[in-house]
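Q: Below you'll find target01.pdb; it's PDB, C-alpha atoms and all ligand atoms.
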```pdb
ATOM      1  CA  MET A 107      23.372 -16.807  20.242
ATOM      2  CA  SER A 108      24.519 -14.853  17.223
ATOM      3  CA  HIS A 109      22.022 -13.595  14.666
ATOM      4  CA  LEU A 110      20.414 -16.077  12.349
ATOM      5  CA  ASP A 111      22.211 -16.812   9.118
ATOM      6  CA  PRO A 112      20.673 -14.636   6.369
ATOM      7  CA  GLU A 113      20.582 -17.620   4.051
ATOM      8  CA  ARG A 114      18.633 -19.536   6.700
ATOM      9  CA  LEU A 115      16.200 -16.618   6.965
ATOM     10  CA  ALA A 116      15.756 -16.643   3.185
ATOM     11  CA  LEU A 117      14.900 -20.341   3.291
ATOM     12  CA  VAL A 118      12.476 -19.782   6.158
ATOM     13  CA  ALA A 119      10.895 -16.967   4.141
ATOM     14  CA  VAL A 120      10.180 -19.352   1.275
ATOM     15  CA  GLY A 121       8.615 -21.902   3.589
ATOM     16  CA  GLU A 122      11.185 -23.867   5.587
ATOM     17  CA  THR A 123      10.216 -24.560   9.191
ATOM     18  CA  LEU A 124      11.999 -22.781  12.027
ATOM     19  CA  THR A 125      13.877 -24.841  14.572
ATOM     20  CA  ASP A 126      13.029 -24.270  18.234
ATOM     21  CA  ALA A 127      16.292 -22.392  18.775
ATOM     22  CA  GLU A 128      15.634 -20.133  15.787
ATOM     23  CA  GLN A 129      12.083 -19.496  16.976
ATOM     24  CA  GLU A 130      13.417 -18.573  20.391
ATOM     25  CA  HIS A 131      15.960 -16.192  18.902
ATOM     26  CA  LEU A 132      13.392 -14.544  16.631
ATOM     27  CA  ALA A 133      11.119 -13.942  19.598
ATOM     28  CA  THR A 134      13.760 -11.771  21.253
ATOM     29  CA  CYS A 135      15.694 -10.336  18.294
ATOM     30  CA  ASP A 136      14.249  -7.385  16.411
ATOM     31  CA  VAL A 137      17.029  -7.401  13.817
ATOM     32  CA  CYS A 138      16.319 -10.942  12.700
ATOM     33  CA  SER A 139      12.536 -10.729  12.886
ATOM     34  CA  ILE A 140      12.520  -7.521  10.827
ATOM     35  CA  GLU A 141      14.831  -9.146   8.313
ATOM     36  CA  LEU A 142      12.604 -12.217   8.102
ATOM     37  CA  ALA A 143       9.527 -10.019   7.671
ATOM     38  CA  GLU A 144      11.246  -8.206   4.806
ATOM     39  CA  LEU A 145      12.148 -11.463   3.111
ATOM     40  CA  GLU A 146       8.640 -12.819   3.577
ATOM     41  CA  HIS A 147       7.263  -9.646   2.045
ATOM     42  CA  THR A 148       9.543 -10.092  -0.940
ATOM     43  CA  VAL A 149       8.405 -13.667  -1.365
ATOM     44  CA  ALA A 150       4.750 -12.629  -0.999
ATOM     45  CA  VAL A 151       5.220  -9.953  -3.641
ATOM     46  CA  GLY A 152       6.898 -12.490  -5.884
ATOM     47  CA  ARG A 153       4.030 -14.912  -5.453
ATOM     48  CA  SER A 154       1.236 -12.395  -5.905
ATOM     49  CA  THR A 155       2.362 -10.255  -8.825
ATOM     50  CA  VAL A 156       2.708 -11.166 -12.437
ATOM     51  CA  THR A 157       4.700  -8.095 -13.407
ATOM     52  CA  LEU A 158       8.126  -7.735 -11.900
ATOM     53  CA  GLY A 159       7.883  -4.000 -11.263
ATOM     54  CA  GLU A 160       7.159  -4.215  -7.574
ATOM     55  CA  LEU A 161       9.939  -6.681  -6.981
ATOM     56  CA  GLU A 162      12.535  -4.008  -7.454
ATOM     57  CA  THR A 163      11.455  -2.255  -4.280
ATOM     58  CA  PRO A 164      12.240  -4.742  -1.514
ATOM     59  CA  PRO A 165      15.986  -5.076  -2.070
ATOM     60  CA  GLU A 166      16.309  -1.304  -1.973
ATOM     61  CA  ARG A 167      14.332  -1.040   1.231
ATOM     62  CA  VAL A 168      16.342  -3.844   2.748
ATOM     63  CA  TRP A 169      19.512  -2.082   1.677
ATOM     64  CA  ASP A 170      18.404   1.199   3.256
ATOM     65  CA  ARG A 171      17.322  -0.493   6.444
ATOM     66  CA  ILE A 172      20.579  -2.368   6.865
ATOM     67  CA  LEU A 173      22.594   0.723   6.049
ATOM     68  CA  ASP A 174      20.701   2.566   8.785
ATOM     69  CA  GLU A 175      21.463  -0.302  11.110
ATOM     70  CA  VAL A 176      25.152  -0.162  10.301
ATOM     71  CA  ARG A 177      25.204   3.570  10.953
ATOM     72  CA  SER A 178      23.277   3.307  14.208
ATOM     73  CA  GLN A 179      25.494   0.525  15.528
ATOM     74  CA  GLN A 180      28.792   2.156  14.733
ATOM     75  CA  PRO A 181      28.909   4.772  17.516
ATOM     76  CA  ALA A 182      27.379   2.384  20.073
ATOM     77  CA  ALA A 183      30.496   0.475  21.162
ATOM     78  CA  PRO A 184      31.191   1.344  24.786
ATOM     79  CA  ASP A 185      32.054  -2.164  26.017
ATOM     80  CA  ALA A 186      35.841  -2.088  25.723
ATOM     81  CA  GLY A 187      36.366  -5.728  26.688
ATOM     82  CA  VAL A 188      37.264  -7.500  23.456
ATOM     83  CA  ALA A 189      39.626  -5.429  21.401
ATOM     84  CA  ALA A 190      40.051  -6.987  17.993
ATOM     85  CA  PRO A 191      43.573  -8.006  16.994
ATOM     86  CA  ALA A 192      44.729  -5.843  14.119
ATOM     87  CA  ALA A 193      45.309  -8.900  11.943
ATOM     88  CA  SER A 194      41.635  -9.827  11.902
ATOM     89  CA  ALA A 195      40.472  -6.334  10.992
ATOM     90  CA  PRO A 196      38.974  -6.321   7.480
ATOM     91  CA  PRO A 197      40.597  -4.185   4.797
ATOM     92  CA  ALA A 198      37.707  -1.775   5.026
ATOM     93  CA  ALA A 199      38.627  -0.862   8.636
ATOM     94  CA  PRO A 200      39.159   2.886   8.976
ATOM     95  CA  SER A 201      42.401   2.351  10.860
ATOM     96  CA  ALA A 202      44.042   5.135   8.864
ATOM     97  CA  SER A 203      42.606   7.543  11.440
ATOM     98  CA  ALA A 204      44.938   6.110  14.105
ATOM     99  CA  PRO A 205      48.307   7.837  14.330
ATOM    100  CA  ALA A 206      51.025   5.431  13.221
ATOM    101  CA  GLY A 207      53.412   4.032  15.829
ATOM    102  CA  ALA A 208      51.424   5.147  18.858
ATOM    103  CA  PRO A 209      49.168   2.246  19.840
ATOM    104  CA  SER A 210      46.945   2.844  22.813
ATOM    105  CA  LEU A 211      43.553   1.663  24.009
ATOM    106  CA  ALA A 212      41.952   4.666  22.312
ATOM    107  CA  ASP A 213      43.473   3.630  18.985
ATOM    108  CA  GLU A 214      41.730   0.287  19.233
ATOM    109  CA  GLN A 215      38.330   1.945  19.066
ATOM    110  CA  PRO A 216      38.233   2.707  15.325
ATOM    111  CA  LYS A 217      39.535  -0.772  14.547
ATOM    112  CA  ARG A 218      36.872  -2.403  16.624
ATOM    113  CA  ARG A 219      34.208  -0.304  15.018
ATOM    114  CA  GLY A 220      35.648  -1.182  11.661
ATOM    115  CA  LEU A 221      35.434  -4.852  12.459
ATOM    116  CA  ARG A 222      31.865  -4.476  13.558
ATOM    117  CA  GLY A 223      31.087  -2.522  10.405
ATOM    118  CA  GLY A 224      32.843  -5.204   8.396
ATOM    119  CA  ARG A 225      30.726  -7.911   9.944
ATOM    120  CA  MET A 226      27.610  -5.884   9.335
ATOM    121  CA  LEU A 227      28.633  -5.297   5.743
ATOM    122  CA  PHE A 228      29.230  -8.995   5.319
ATOM    123  CA  ALA A 229      25.782  -9.724   6.748
ATOM    124  CA  LEU A 230      24.411  -6.981   4.535
ATOM    125  CA  ALA A 231      25.966  -8.502   1.436
ATOM    126  CA  ALA A 232      24.684 -11.928   2.436
ATOM    127  CA  SER A 233      21.182 -10.554   3.030
ATOM    128  CA  ILE A 234      21.140  -8.825  -0.315
ATOM    129  CA  ALA A 235      22.442 -11.947  -2.011
ATOM    130  CA  ALA A 236      19.647 -13.938  -0.369
ATOM    131  CA  VAL A 237      17.002 -11.419  -1.426
ATOM    132  CA  LEU A 238      18.366 -11.256  -4.950
ATOM    133  CA  ALA A 239      18.423 -15.043  -5.074
ATOM    134  CA  ILE A 240      14.748 -15.147  -4.115
ATOM    135  CA  VAL A 241      13.888 -12.397  -6.578
ATOM    136  CA  GLY A 242      15.931 -14.138  -9.242
ATOM    137  CA  VAL A 243      14.183 -17.445  -8.669
ATOM    138  CA  TRP A 244      10.806 -15.776  -8.837
ATOM    139  CA  SER A 245      11.693 -13.849 -11.969
ATOM    140  CA  PHE A 246      12.870 -17.075 -13.518
ATOM    141  CA  VAL A 247       9.697 -18.881 -12.525
ATOM    142  CA  ARG A 248       7.439 -16.094 -13.692
ATOM    143  CA  ALA A 249       9.243 -14.672 -16.707
ATOM    144  CA  PRO A 250       8.161 -17.266 -19.280
ATOM    145  CA  GLN A 251       4.525 -16.646 -18.458
ATOM    146  CA  SER A 252       2.688 -16.198 -21.715
ATOM    147  CA  VAL A 253      -0.885 -16.971 -22.608
ATOM    148  CA  GLU A 254      -2.651 -17.788 -25.800
ATOM    149  CA  ILE A 255      -5.336 -15.136 -26.092
ATOM    150  CA  ALA A 256      -6.731 -15.984 -29.514
ATOM    151  CA  SER A 257      -6.471 -18.481 -32.347
ATOM    152  CA  ALA A 258      -7.759 -18.840 -35.882
ATOM    153  CA  THR A 259      -8.336 -21.542 -38.424
ATOM    154  CA  LEU A 260      -7.307 -20.281 -41.854
ATOM    155  CA  ALA A 261      -9.324 -21.489 -44.813
ATOM    156  CA  ALA A 262      -8.169 -21.585 -48.449
ATOM    157  CA  PHE A 263      -9.282 -19.171 -51.150
ATOM    158  CA  PRO A 264     -10.595 -20.708 -54.410
ATOM    159  CA  ASP A 265      -7.336 -19.924 -56.256
ATOM    160  CA  HIS A 266      -5.371 -21.943 -53.703
ATOM    161  CA  PRO A 267      -7.295 -25.181 -53.260
ATOM    162  CA  GLY A 268      -5.878 -27.481 -50.650
ATOM    163  CA  ALA A 269      -4.112 -24.751 -48.690
ATOM    164  CA  ALA A 270      -4.891 -24.553 -44.980
ATOM    165  CA  GLY A 271      -3.504 -22.837 -41.945
ATOM    166  CA  THR A 272      -3.724 -21.938 -38.296
ATOM    167  CA  ALA A 273      -2.797 -18.877 -36.270
ATOM    168  CA  GLN A 274      -2.212 -18.272 -32.556
ATOM    169  CA  VAL A 275      -1.899 -15.000 -30.702
ATOM    170  CA  ILE A 276       0.288 -15.221 -27.604
ATOM    171  CA  GLU A 277       0.435 -12.449 -25.033
ATOM    172  CA  LEU A 278       3.704 -12.280 -23.113
ATOM    173  CA  SER A 279       3.965 -11.146 -19.507
ATOM    174  CA  ASP A 280       5.147  -7.696 -20.616
ATOM    175  CA  GLY A 281       2.013  -7.221 -22.709
ATOM    176  CA  GLU A 282       3.648  -7.823 -26.081
ATOM    177  CA  ARG A 283       1.557  -9.945 -28.441
ATOM    178  CA  THR A 284       2.872 -12.240 -31.111
ATOM    179  CA  LEU A 285       1.027 -13.927 -33.938
ATOM    180  CA  THR A 286       2.280 -17.311 -35.092
ATOM    181  CA  VAL A 287       1.055 -18.486 -38.473
ATOM    182  CA  ASN A 288       1.290 -21.982 -39.936
ATOM    183  CA  VAL A 289       0.278 -22.558 -43.559
ATOM    184  CA  GLU A 290       0.276 -25.935 -45.271
ATOM    185  CA  ASP A 291      -0.073 -27.143 -48.835
ATOM    186  CA  PHE A 292       0.326 -24.006 -50.868
ATOM    187  CA  ASP A 293       2.342 -23.336 -53.980
ATOM    188  CA  GLU A 294       5.651 -21.808 -52.884
ATOM    189  CA  SER A 295       6.918 -21.130 -56.385
ATOM    190  CA  ASP A 296       6.705 -17.436 -57.272
ATOM    191  CA  GLY A 297       6.978 -14.218 -55.310
ATOM    192  CA  PHE A 298       6.555 -14.362 -51.542
ATOM    193  CA  ARG A 299       3.930 -14.746 -48.877
ATOM    194  CA  GLU A 300       2.856 -11.905 -46.582
ATOM    195  CA  VAL A 301       0.902 -12.001 -43.304
ATOM    196  CA  TRP A 302      -1.802  -9.412 -42.644
ATOM    197  CA  LEU A 303      -4.336  -8.447 -40.019
ATOM    198  CA  ILE A 304      -7.544  -7.112 -41.555
ATOM    199  CA  THR A 305     -10.639  -5.525 -40.007
ATOM    200  CA  ALA A 306     -13.875  -7.515 -40.199
ATOM    201  CA  ASP A 307     -15.267  -5.193 -42.897
ATOM    202  CA  ALA A 308     -11.927  -5.169 -44.769
ATOM    203  CA  SER A 309     -11.768  -1.367 -44.460
ATOM    204  CA  ALA A 310      -8.277  -1.406 -42.973
ATOM    205  CA  LEU A 311      -5.331  -3.760 -42.855
ATOM    206  CA  VAL A 312      -1.855  -3.951 -41.444
ATOM    207  CA  SER A 313       1.074  -6.001 -42.716
ATOM    208  CA  LEU A 314       2.930  -8.056 -40.121
ATOM    209  CA  GLY A 315       5.673  -9.161 -42.491
ATOM    210  CA  GLU A 316       6.849 -11.774 -44.905
ATOM    211  CA  LEU A 317       6.149 -15.432 -44.221
ATOM    212  CA  ASP A 318       9.383 -17.271 -44.844
ATOM    213  CA  GLY A 319       8.495 -20.926 -45.360
ATOM    214  CA  LYS A 320       5.405 -22.386 -43.783
ATOM    215  CA  LYS A 321       5.653 -21.011 -40.287
ATOM    216  CA  GLY A 322       6.379 -17.564 -38.896
ATOM    217  CA  THR A 323       5.981 -15.549 -35.708
ATOM    218  CA  PHE A 324       5.268 -11.826 -35.897
ATOM    219  CA  VAL A 325       5.003  -9.094 -33.296
ATOM    220  CA  VAL A 326       1.573  -7.483 -33.327
ATOM    221  CA  PRO A 327       2.061  -3.696 -33.170
ATOM    222  CA  ALA A 328       0.978  -2.361 -29.766
ATOM    223  CA  ASP A 329      -1.578   0.018 -31.322
ATOM    224  CA  VAL A 330      -3.394  -2.713 -33.243
ATOM    225  CA  ASP A 331      -6.684  -3.687 -31.572
ATOM    226  CA  LEU A 332      -7.157  -7.364 -32.364
ATOM    227  CA  ARG A 333     -10.898  -7.101 -31.691
ATOM    228  CA  GLU A 334     -10.991  -4.804 -34.735
ATOM    229  CA  TYR A 335      -8.247  -6.366 -36.842
ATOM    230  CA  VAL A 336      -9.834  -9.719 -36.383
ATOM    231  CA  LEU A 337      -8.964 -11.424 -39.691
ATOM    232  CA  VAL A 338      -5.655 -13.208 -40.199
ATOM    233  CA  ASP A 339      -4.723 -13.306 -43.875
ATOM    234  CA  VAL A 340      -1.803 -14.756 -45.797
ATOM    235  CA  SER A 341      -1.405 -13.405 -49.316
ATOM    236  CA  GLN A 342       0.586 -14.398 -52.354
ATOM    237  CA  GLU A 343       2.636 -11.336 -53.348
ATOM    238  CA  PRO A 344       4.408 -10.772 -56.636
ATOM    239  CA  LEU A 345       7.901  -9.233 -56.611
ATOM    240  CA  ASP A 346       6.594  -5.937 -57.957
ATOM    241  CA  GLY A 347       7.765  -3.603 -55.203
ATOM    242  CA  ASP A 348       4.168  -2.710 -54.364
ATOM    243  CA  PRO A 349       3.749  -2.848 -50.573
ATOM    244  CA  THR A 350      -0.051  -3.094 -50.711
ATOM    245  CA  HIS A 351      -2.009  -6.336 -50.536
ATOM    246  CA  SER A 352      -1.990  -8.056 -53.913
ATOM    247  CA  GLY A 353      -5.620  -9.140 -53.577
ATOM    248  CA  ASP A 354      -4.445 -12.735 -53.976
ATOM    249  CA  SER A 355      -5.160 -14.289 -50.590
ATOM    250  CA  ILE A 356      -4.074 -17.878 -49.982
ATOM    251  CA  VAL A 357      -5.808 -18.433 -46.648
ATOM    252  CA  ARG A 358      -7.811 -16.295 -44.250
ATOM    253  CA  GLY A 359      -9.661 -16.809 -40.970
ATOM    254  CA  PRO A 360     -11.166 -14.883 -38.041
ATOM    255  CA  LEU A 361      -9.506 -14.786 -34.635
ATOM    256  CA  GLU A 362     -11.439 -16.443 -31.865
ATOM    257  CA  PHE A 363     -10.580 -15.152 -28.428
ATOM    258  CA  SER A 364     -10.074 -17.557 -25.555
TER     259      SER A 364
HETATM  260 ZN    ZN B 401      19.135 -11.882  15.631
END
```
Mind turning this structure into structure tokens?
A:
Amino acid sequence: MSHLDPERLALVAVGETLTDAEQEHLATCDVCSIELAELEHTVAVGRSTVTLGELETPPERVWDRILDEVRSQQPAAPDAGVAAPAASAPPAAPSASAPAGAPSLADEQPKRRGLRGGRMLFALAASIAAVLAIVGVWSFVRAPQSVEIASATLAAFPDHPGAAGTAQVIELSDGERTLTVNVEDFDESDGFREVWLITADASALVSLGELDGKKGTFVVPADVDLREYVLVDVSQEPLDGDPTHSGDSIVRGPLEFS
């Protein structure tokens, strides 16, 4: 029996059941069982890690291992029974080493090795494609992972009766945090609105940017500790070129962490 189809191995690695014949082959074939173990490791890594960092390792190890295999199999071709016809030799065959116009049994050797190498390279490409497919699926499944880590209810200041708002902090899988602010029922006439994070004692504040309309999402700078900058504030800003807080807050509320 020839080696198991790499695509089959990939499916087995993600949970498909082995047929009896495949089980029998795996029991006696190191090449296939090592390959399956590698794929299963990749899947396990994919299932157990949130970050994708570790996932970059398996394909490289698989690549190295298969390359080693190709190298180790190339010189080991003493059974001179089935010489490959030249027509079926892949383009990659190193047949250039054979002197032209002098075919002999010895000349068949490089061609046969080339064919073997070609088959191995095909299997190699298929294996890598299977691994990358698994990695790709897992990246796809895991990439959109983001969690709400905090939220706030924003209450109106006396100068802006009727205004109200909410805020959510989302942490993405790469650690980036975003703050989404929604403000309702405020006077949108003059100037512009600006979103701030302010410390509980109002001793420090950081501007996240201008709120265009009623809803906006802002990246929270990586060095801002939300346990300190715990107040979400939306201010009414005049067009005076002054980047500081106008002192005219529309809504404000403390973050509550989930
Ligand atoms: Zn095998």
Q: For the point (2.8, -7.9, -48.7) in file coordinates, what residues are within 12 Å, counting all atoms listed in the file? Give the answer as a count of residues only?
A: 31
Q: What would the list of residues within 6 Å of (-8.3, -15.1, -33.9) (file frame) look like as a PDB file with C-alpha atoms, in the frame of the given file, if all atoms listed in the file are what count?
A:
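And here is the file that came out, selection.pdb:
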```pdb
ATOM      1  CA  ALA A 256      -6.731 -15.984 -29.514  1.00  0.00           C
ATOM      2  CA  SER A 257      -6.471 -18.481 -32.347  1.00  0.00           C
ATOM      3  CA  ALA A 258      -7.759 -18.840 -35.882  1.00  0.00           C
ATOM      4  CA  PRO A 360     -11.166 -14.883 -38.041  1.00  0.00           C
ATOM      5  CA  LEU A 361      -9.506 -14.786 -34.635  1.00  0.00           C
ATOM      6  CA  GLU A 362     -11.439 -16.443 -31.865  1.00  0.00           C
ATOM      7  CA  PHE A 363     -10.580 -15.152 -28.428  1.00  0.00           C
TER       8      PHE A 363
END
```
Q: Would you name the residues within 12 Å of ligand ZN 401 (chain B), counting all atoms listed in the file, and put them as a PyMOL selection string?
A: chain A and resi 107-112+114-115+127-142+229
Q: Measuring atom to atom with all atoms listed in the file, identify which of A:Ile255, A:Ala270, A:Ala232, A:Ile304 is nearest to Thr284 of chain A.
A: A:Ile255
Q: Selection in question (the file shown): the PyMOL selection byres (((chain A and resi 322) around 9) and not hetatm). Which residues does it include, as an MDAnalysis selection string?
A: chainID A and resid 285:288 301 316:321 323:324
Q: Take the residues just selected and output them with C-alpha atoms as an mmCIF file, keeping the file's coordinate frame.
A:
```cif
data_model
loop_
_atom_site.group_PDB
_atom_site.id
_atom_site.type_symbol
_atom_site.label_atom_id
_atom_site.label_comp_id
_atom_site.auth_asym_id
_atom_site.auth_seq_id
_atom_site.Cartn_x
_atom_site.Cartn_y
_atom_site.Cartn_z
ATOM 1 C CA LEU A 285 1.027 -13.927 -33.938
ATOM 2 C CA THR A 286 2.280 -17.311 -35.092
ATOM 3 C CA VAL A 287 1.055 -18.486 -38.473
ATOM 4 C CA ASN A 288 1.290 -21.982 -39.936
ATOM 5 C CA VAL A 301 0.902 -12.001 -43.304
ATOM 6 C CA GLU A 316 6.849 -11.774 -44.905
ATOM 7 C CA LEU A 317 6.149 -15.432 -44.221
ATOM 8 C CA ASP A 318 9.383 -17.271 -44.844
ATOM 9 C CA GLY A 319 8.495 -20.926 -45.360
ATOM 10 C CA LYS A 320 5.405 -22.386 -43.783
ATOM 11 C CA LYS A 321 5.653 -21.011 -40.287
ATOM 12 C CA THR A 323 5.981 -15.549 -35.708
ATOM 13 C CA PHE A 324 5.268 -11.826 -35.897
#
```
Q: Write out as a PDB file with C-alpha atoms, in the coordinates of the input which residues come within 8 Å of Glu146 of chain A when counting all atoms listed in the file, dropping same-chain ones fewer than 4 positions away.
A:
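Resulting contents of part29.pdb:
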```
ATOM      1  CA  ALA A 119      10.895 -16.967   4.141  1.00  0.00           C
ATOM      2  CA  VAL A 120      10.180 -19.352   1.275  1.00  0.00           C
ATOM      3  CA  LEU A 142      12.604 -12.217   8.102  1.00  0.00           C
ATOM      4  CA  ALA A 150       4.750 -12.629  -0.999  1.00  0.00           C
TER       5      ALA A 150
END
```
Q: Quick one: everything within 8 Å of Ala262 of chain A, counting only C-alpha atoms, minus sequence neighbours fewer than 6 positions away in the same chain. Send it as a ChimeraX atom specification.
A: /A:268-270,356-358
Q: Produce a file of the selected residues containing C-alpha atoms, as a tab-separated table (two decimals), in the coordinates of the input.
A:
```tsv
chain	number	residue	atom	x	y	z
A	268	GLY	CA	-5.88	-27.48	-50.65
A	269	ALA	CA	-4.11	-24.75	-48.69
A	270	ALA	CA	-4.89	-24.55	-44.98
A	356	ILE	CA	-4.07	-17.88	-49.98
A	357	VAL	CA	-5.81	-18.43	-46.65
A	358	ARG	CA	-7.81	-16.30	-44.25
```
Q: Find, counting only C-alpha atoms, the residue in A:Leu117, A:Val325, A:Val330, A:Ala310 that gets nearest to Val237 of chain A.
A: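 Looking only at the distances to Val237 of chain A, the closest residue turns out to be A:Leu117.
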Q: Tell me, in Å to one decimal, how far atom CA of Val118 of chain A is from atom CA of Ser279 of chain A.
A: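 Here the two named atoms are 28.4 Å from each other.
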Q: Between A:Ala116, A:Ala231, A:Leu337, A:Val151, which has the minimum distance to Leu260 of chain A (counting all atoms listed in the file)?
A: A:Leu337
Q: Kindly give the distance, in Å, that separates atom CA of Val326 of chain A and atom CA of Gln274 of chain A, rounded to a single decimal.
A: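 According to the coordinates, atom CA of Val326 of chain A and atom CA of Gln274 of chain A are separated by 11.5 Å.
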Q: Quick one: distance from atom CA of Leu145 of chain A to atom CA of Ala235 of chain A in Å, one decimal?
A: 11.5 Å
Q: Excluding same-chain residues fewer than 2 positions from Asp329 of chain A, what lies within 12 Å of it counting all atoms listed in the file, as a PyMOL selection string?
A: chain A and resi 281-283+312+325-327+331-335
Q: Using all atoms of segment 313-321 of chain A listed in the file and a margin of 5 Å per side, can you give the axis-aligned box centre and edge lengths in Å to one decimal, as AutoDock Vina command-line options?
A:
```
--center_x 5.2 --center_y -14.2 --center_z -42.7 --size_x 18.3 --size_y 26.4 --size_z 15.2
```
Q: Can you give me, as a PDB file with C-alpha atoms, in the frame of the given file, the residues this file yields under the PyMOL selection byres (((chain A and resi 292) around 7) and not hetatm)?
A:
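Writing done, so here's part_6.pdb:
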```
ATOM      1  CA  HIS A 266      -5.371 -21.943 -53.703  1.00  0.00           C
ATOM      2  CA  ALA A 269      -4.112 -24.751 -48.690  1.00  0.00           C
ATOM      3  CA  GLU A 290       0.276 -25.935 -45.271  1.00  0.00           C
ATOM      4  CA  ASP A 291      -0.073 -27.143 -48.835  1.00  0.00           C
ATOM      5  CA  ASP A 293       2.342 -23.336 -53.980  1.00  0.00           C
ATOM      6  CA  GLU A 294       5.651 -21.808 -52.884  1.00  0.00           C
TER       7      GLU A 294
END
```
Q: Pull segment 138-144 of chain A out of the block and emit all heavy atoms, as a tab-separated table (two decimals), in the first residue's frame.
A:
```
chain	number	residue	atom	x	y	z
A	138	CYS	N	4.18	7.90	7.78
A	138	CYS	CA	2.80	8.38	7.93
A	138	CYS	C	2.45	8.67	9.38
A	138	CYS	O	1.76	9.64	9.68
A	138	CYS	CB	1.82	7.38	7.33
A	138	CYS	SG	1.89	7.34	5.54
A	139	SER	N	2.93	7.82	10.31
A	139	SER	CA	2.54	8.07	11.70
A	139	SER	C	3.20	9.32	12.23
A	139	SER	O	2.60	10.07	13.01
A	139	SER	CB	2.81	6.84	12.59
A	139	SER	OG	4.06	6.29	12.31
A	140	ILE	N	4.46	9.58	11.79
A	140	ILE	CA	5.10	10.83	12.21
A	140	ILE	C	4.34	12.02	11.64
A	140	ILE	O	4.06	13.00	12.32
A	140	ILE	CB	6.58	10.87	11.77
A	140	ILE	CG1	7.39	9.87	12.58
A	140	ILE	CG2	7.16	12.27	11.94
A	140	ILE	CD1	8.81	9.69	12.09
A	141	GLU	N	3.98	11.89	10.37
A	141	GLU	CA	3.25	12.99	9.72
A	141	GLU	C	1.92	13.26	10.45
A	141	GLU	O	1.55	14.41	10.71
A	141	GLU	CB	2.98	12.64	8.27
A	141	GLU	CG	2.16	13.70	7.57
A	141	GLU	CD	2.58	13.88	6.13
A	141	GLU	OE1	2.87	12.87	5.47
A	141	GLU	OE2	2.65	15.03	5.69
A	142	LEU	N	1.22	12.18	10.79
A	142	LEU	CA	-0.06	12.35	11.48
A	142	LEU	C	0.16	13.00	12.84
A	142	LEU	O	-0.59	13.89	13.26
A	142	LEU	CB	-0.76	10.99	11.64
A	142	LEU	CG	-2.09	11.03	12.39
A	142	LEU	CD1	-3.08	11.94	11.68
A	142	LEU	CD2	-2.68	9.63	12.55
A	143	ALA	N	1.23	12.56	13.54
A	143	ALA	CA	1.52	13.15	14.85
A	143	ALA	C	1.77	14.64	14.72
A	143	ALA	O	1.31	15.44	15.55
A	143	ALA	CB	2.73	12.45	15.47
A	144	GLU	N	2.51	15.02	13.67
A	144	GLU	CA	2.79	16.44	13.46
A	144	GLU	C	1.50	17.22	13.24
A	144	GLU	O	1.30	18.30	13.80
A	144	GLU	CB	3.68	16.62	12.23
A	144	GLU	CG	5.07	16.06	12.37
A	144	GLU	CD	6.02	17.03	13.07
A	144	GLU	OE1	5.56	18.05	13.63
A	144	GLU	OE2	7.22	16.76	13.06
```
